[in-house]
Amino acid sequence: MAAAAHVSKVRSLYKRILVLHRFLPIDLRALGDQYVKDEFRRHKSASAEEVKNFMTEWENYKDTLQVQILEATEDQRSSVKFGANLSEGKLNNFGDDQIGQLYELMLESTKSTRQFDIQEDSK
């Protein structure tokens, strides 16, 4: 039964993050959705300790994004910035693969021409 509860918790977190992404600018939403899907898929067979760290970090991401979205909706006049700086301590805990992923994500999110050329529907 514990396995079913864990799966439910993971699925709930995953869905909540995708719902929060609906409030991001369209290009960041596409990038974020793809990254979340890849990361959750990649960690399906992770060790118990990796899963614990994975869930903690994604819960933190969800909480941070939720606060930023609420602040953005309250004060629509200012320029909204999403995300957070990583501490040196957290960066030091990253493996080489994670640093590589982070670098690729940073490059993609700061490009003037994004990989995803998505336009919102005009109604």
# chains A, B, ... in the order shown; residues from 1 in each chain; ligands from 1

$ select_by_dssp --residues "range 1-64 of chain A" --states "alpha helix (DSSP H)" --output "ChimeraX atom specification"
/A:2-21,26-42,48-64

$ residues_around --residues "Ile69 in chain A" --least-positions-apart "4" --cutoff "9 Å" --atoms "only C-alpha atoms" --output "ChimeraX atom specification"
/A:20,23-24,64-65,73-74,80,82

$ write_last_selection --atoms "C-alpha atoms" --output "mmCIF file, in the first residue's frame"
data_model
loop_
_atom_site.group_PDB
_atom_site.id
_atom_site.type_symbol
_atom_site.label_atom_id
_atom_site.label_comp_id
_atom_site.auth_asym_id
_atom_site.auth_seq_id
_atom_site.Cartn_x
_atom_site.Cartn_y
_atom_site.Cartn_z
ATOM 1 C CA LEU A 20 1.438 25.988 -12.425
ATOM 2 C CA PHE A 23 0.688 30.626 -15.806
ATOM 3 C CA LEU A 24 4.182 31.023 -17.286
ATOM 4 C CA THR A 64 8.586 28.756 -5.153
ATOM 5 C CA LEU A 65 6.748 28.883 -8.467
ATOM 6 C CA THR A 73 -1.072 38.109 -10.428
ATOM 7 C CA GLU A 74 -1.289 40.579 -7.540
ATOM 8 C CA VAL A 80 7.831 39.386 -13.489
ATOM 9 C CA PHE A 82 10.435 33.469 -12.429
#

$ closest_residue --among "A:Leu91, A:Ala48, A:Leu105, A:Val36" --to "Tyr14 in chain A" --atoms "only C-alpha atoms"
A:Val36

$ atom_distance --atom1 "CA of Glu59 in chain A" --atom2 "CA of Leu13 in chain A"
7.2 Å

$ closest_residue --among "A:Leu107, A:Ala46, A:Ala5, A:Leu86" --to "Tyr61 in chain A" --atoms "only C-alpha atoms"
A:Leu86

$ closest_residue --among "A:Leu18, A:Lys90, A:Val10, A:Gln66" --to "Lys44 in chain A" --atoms "only C-alpha atoms"
A:Val10

$ closest_residue --among "A:Phe40, A:Leu31, A:Ser47, A:Asn60" --to "Lys111 in chain A" --atoms "only C-alpha atoms"
A:Leu31

$ residues_around --residues "Leu28 in chain A" --least-positions-apart "5" --cutoff "10 Å" --atoms "only C-alpha atoms" --output "ChimeraX atom specification"
/A:21-23,33-34,82,108-109,114,116

$ residues_around --residues "Asp63 in chain A" --least-positions-apart "6" --cutoff "12 Å" --atoms "only C-alpha atoms" --output "list in words"
Leu13, Arg16, Ile17, Leu20, Thr56, Glu57, Ile69, Leu70, Gly83 and Ala84 of chain A
